[in-house]
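In what follows, a structure is listed as structure tokens, so that the remarks can point back to it.
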Amino acid sequence: MSGNITTLTGGISLRASSLIALATVSALALSSCGDGFCHSCLAYLPPGPASQLSFGLVAGNFANNALPSIVETSTLDNGYSPNPGNLLTYLSLTTGSYPTSPTQTPDGNDPVYLGAADLNGDHLVDLVSANSQDGTLAVFFNSASSPGTFSTPLVLDSPGASQLAIADMNGDGLPDLISADFNVSLFLQSSPGAFANPISLYSGGANWVAVGDLNHDGSPDVALTDNTGVKIVFHTGAAGATTYAAATQVYTESAN
């Protein structure tokens with residue numbers, strides 16, 4: 001050290017005042033680690049600019065006026081969790097015309113997928129989003145008094161939810177929900193607008209699901225993708241039963 005200059009290994013020179021500042025910052029950083037969560041040791045750094053991300057988009061006659069409207073998911077990513085989400089609704093009130101300022105409806109954190117169907121039989125198109133960060137499905141029923149607006153959602157616990165399918169799985173005329181979550185959860189609609197506790201179809205989890213009668217027996221089956229490839233969960237028993245065979249592997253991914 002010469003005067004107020006200190007030379008470090010590699011020829012880097014710092015003034016003594018810089019060392020004091022560096023030591024002070026280091027002490028602050030270390031003191032913030034006392035709770036054991038060192039990922040937040042540098043929380044004093046200012047966040048970067050927020051960005052809007054959209055992972056889900058559907059079109060449909062949401063306003064019940066025979067014109068297709070658009071709804072998208074919107075996540076505000078500011079570099080920190082949680083990332084608040086909204087549904088942005090662009091209602092078409094005249095042919096080919098859409099508003100530049102959409103209507104916002106709060107949708108938890110990190111909505112990553114959006115599905116649409118008339119869920120409760122009122123002839124209005126409803127919405128369901130999969131929210132990965134919250135671990136939920138959020139069911140938005142379309143307003144009968146003001147079509148194109150959506151109520152506070154019915155929230156269903158679905159840890160790991162990344163996507164969903166909508167189909168009548170037990171033949172009772174009510175659409176049910178199949179979530180690509182940690183258990184491939186089947187939410188049967190027990191009465192219009194109400195869902196029973198989930199039935200686990202595959203404990204290995206999935207990142208995508210699709211529904212169809214894959215063996216031509218008249219009952220819907222579930223195809224899924226996970227980190228090993230593609231599997232099918234076949235329906236078994238009577239048409240209205242909710243019994244399923246163990247998942248059958250139909251494609252295995254190979255290492256690149």
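Convention: chains lettered A, B, ... in structure tokens order; per-chain residue numbering from 1; ligands numbered from 1 as shown.
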*Tell me, as a list in words, which residues lie within 12 Å of A:Pro49, counting only C-alpha atoms; anything in the same chain fewer than 3 positions away does not count.*
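Once the adjacent positions are removed, what remains is Pro46, Gln52, Leu76, Asp77, Asn78, Gly79 and Tyr80 of chain A.
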Please save C-alpha atoms of the selected residues as an mmCIF file, in the first residue's frame.
data_model
loop_
_atom_site.group_PDB
_atom_site.id
_atom_site.type_symbol
_atom_site.label_atom_id
_atom_site.label_comp_id
_atom_site.auth_asym_id
_atom_site.auth_seq_id
_atom_site.Cartn_x
_atom_site.Cartn_y
_atom_site.Cartn_z
ATOM 1 C CA PRO A 46 -32.313 -1.958 -8.232
ATOM 2 C CA GLN A 52 -44.995 -7.849 -20.205
ATOM 3 C CA LEU A 76 -45.602 -8.468 -15.575
ATOM 4 C CA ASP A 77 -42.017 -9.709 -15.179
ATOM 5 C CA ASN A 78 -39.941 -7.252 -13.177
ATOM 6 C CA GLY A 79 -37.125 -9.658 -12.364
ATOM 7 C CA TYR A 80 -38.487 -10.732 -8.989
#
Neighbours of A:Gly205 within 7 Å (only C-alpha atoms; same-chain residues fewer than 2 positions away dropped), as an mmCIF file with N, CA, C and O atoms, in the first residue's frame?
data_model
loop_
_atom_site.group_PDB
_atom_site.id
_atom_site.type_symbol
_atom_site.label_atom_id
_atom_site.label_comp_id
_atom_site.auth_asym_id
_atom_site.auth_seq_id
_atom_site.Cartn_x
_atom_site.Cartn_y
_atom_site.Cartn_z
ATOM 1 N N ALA A 180 -52.463 -30.491 -16.656
ATOM 2 C CA ALA A 180 -51.092 -30.988 -16.789
ATOM 3 C C ALA A 180 -50.301 -30.468 -15.594
ATOM 4 O O ALA A 180 -49.592 -29.469 -15.670
ATOM 5 N N ASP A 181 -50.438 -31.167 -14.472
ATOM 6 C CA ASP A 181 -49.763 -30.766 -13.244
ATOM 7 C C ASP A 181 -48.956 -31.941 -12.710
ATOM 8 O O ASP A 181 -48.688 -32.901 -13.440
ATOM 9 N N PHE A 182 -48.569 -31.880 -11.455
ATOM 10 C CA PHE A 182 -47.711 -32.923 -10.899
ATOM 11 C C PHE A 182 -48.405 -34.277 -10.801
ATOM 12 O O PHE A 182 -47.747 -35.299 -10.615
ATOM 13 N N ASN A 183 -49.749 -34.311 -10.893
ATOM 14 C CA ASN A 183 -50.498 -35.568 -10.763
ATOM 15 C C ASN A 183 -51.414 -35.843 -11.946
ATOM 16 O O ASN A 183 -52.161 -36.816 -11.909
ATOM 17 N N VAL A 184 -51.371 -35.020 -12.983
ATOM 18 C CA VAL A 184 -52.353 -35.078 -14.080
ATOM 19 C C VAL A 184 -53.748 -35.187 -13.456
ATOM 20 O O VAL A 184 -54.377 -36.237 -13.435
ATOM 21 N N TYR A 202 -52.127 -39.753 -13.166
ATOM 22 C CA TYR A 202 -50.752 -40.224 -13.361
ATOM 23 C C TYR A 202 -49.848 -39.452 -12.415
ATOM 24 O O TYR A 202 -49.679 -38.240 -12.553
ATOM 25 N N SER A 203 -49.263 -40.145 -11.462
ATOM 26 C CA SER A 203 -48.491 -39.485 -10.404
ATOM 27 C C SER A 203 -47.153 -38.959 -10.883
ATOM 28 O O SER A 203 -46.477 -38.227 -10.147
ATOM 29 N N ASP A 226 -44.378 -36.066 -20.738
ATOM 30 C CA ASP A 226 -43.601 -35.768 -19.545
ATOM 31 C C ASP A 226 -42.138 -35.739 -19.946
ATOM 32 O O ASP A 226 -41.805 -35.650 -21.136
#
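Taking only C-alpha atoms into account, A:Ser146 lies nearest to A:Asn64 out of the set A:Thr252, A:Thr242, A:Asn64, A:Ser54.
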*Quick one: pick out all strand (DSSP E) residues within stretch 111-183 of chain A from a backbone DSSP run and write them as a ChimeraX atom specification.*
/A:111-117,126-131,136-140,154-157,164-167,176-179
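Of the listed residues (A:Thr228, A:Asn61, A:Asn170, A:Ser129), A:Ser129 comes nearest to A:Gly115; the distances count only C-alpha atoms.
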*Any idea what's packed within 12 Å of A:Leu188, counting only C-alpha atoms, ignoring anything in its chain fewer than 5 positions away? Could you give it as a VMD selection string?*
chain A and resid 119 156 166 to 179 193 to 200 240 to 242
*Nearest to A:Pro102 among A:Gly148, A:Pro192, A:Gly204, A:Gly212, with distances taken over only C-alpha atoms: which residue is it?*
A:Gly148
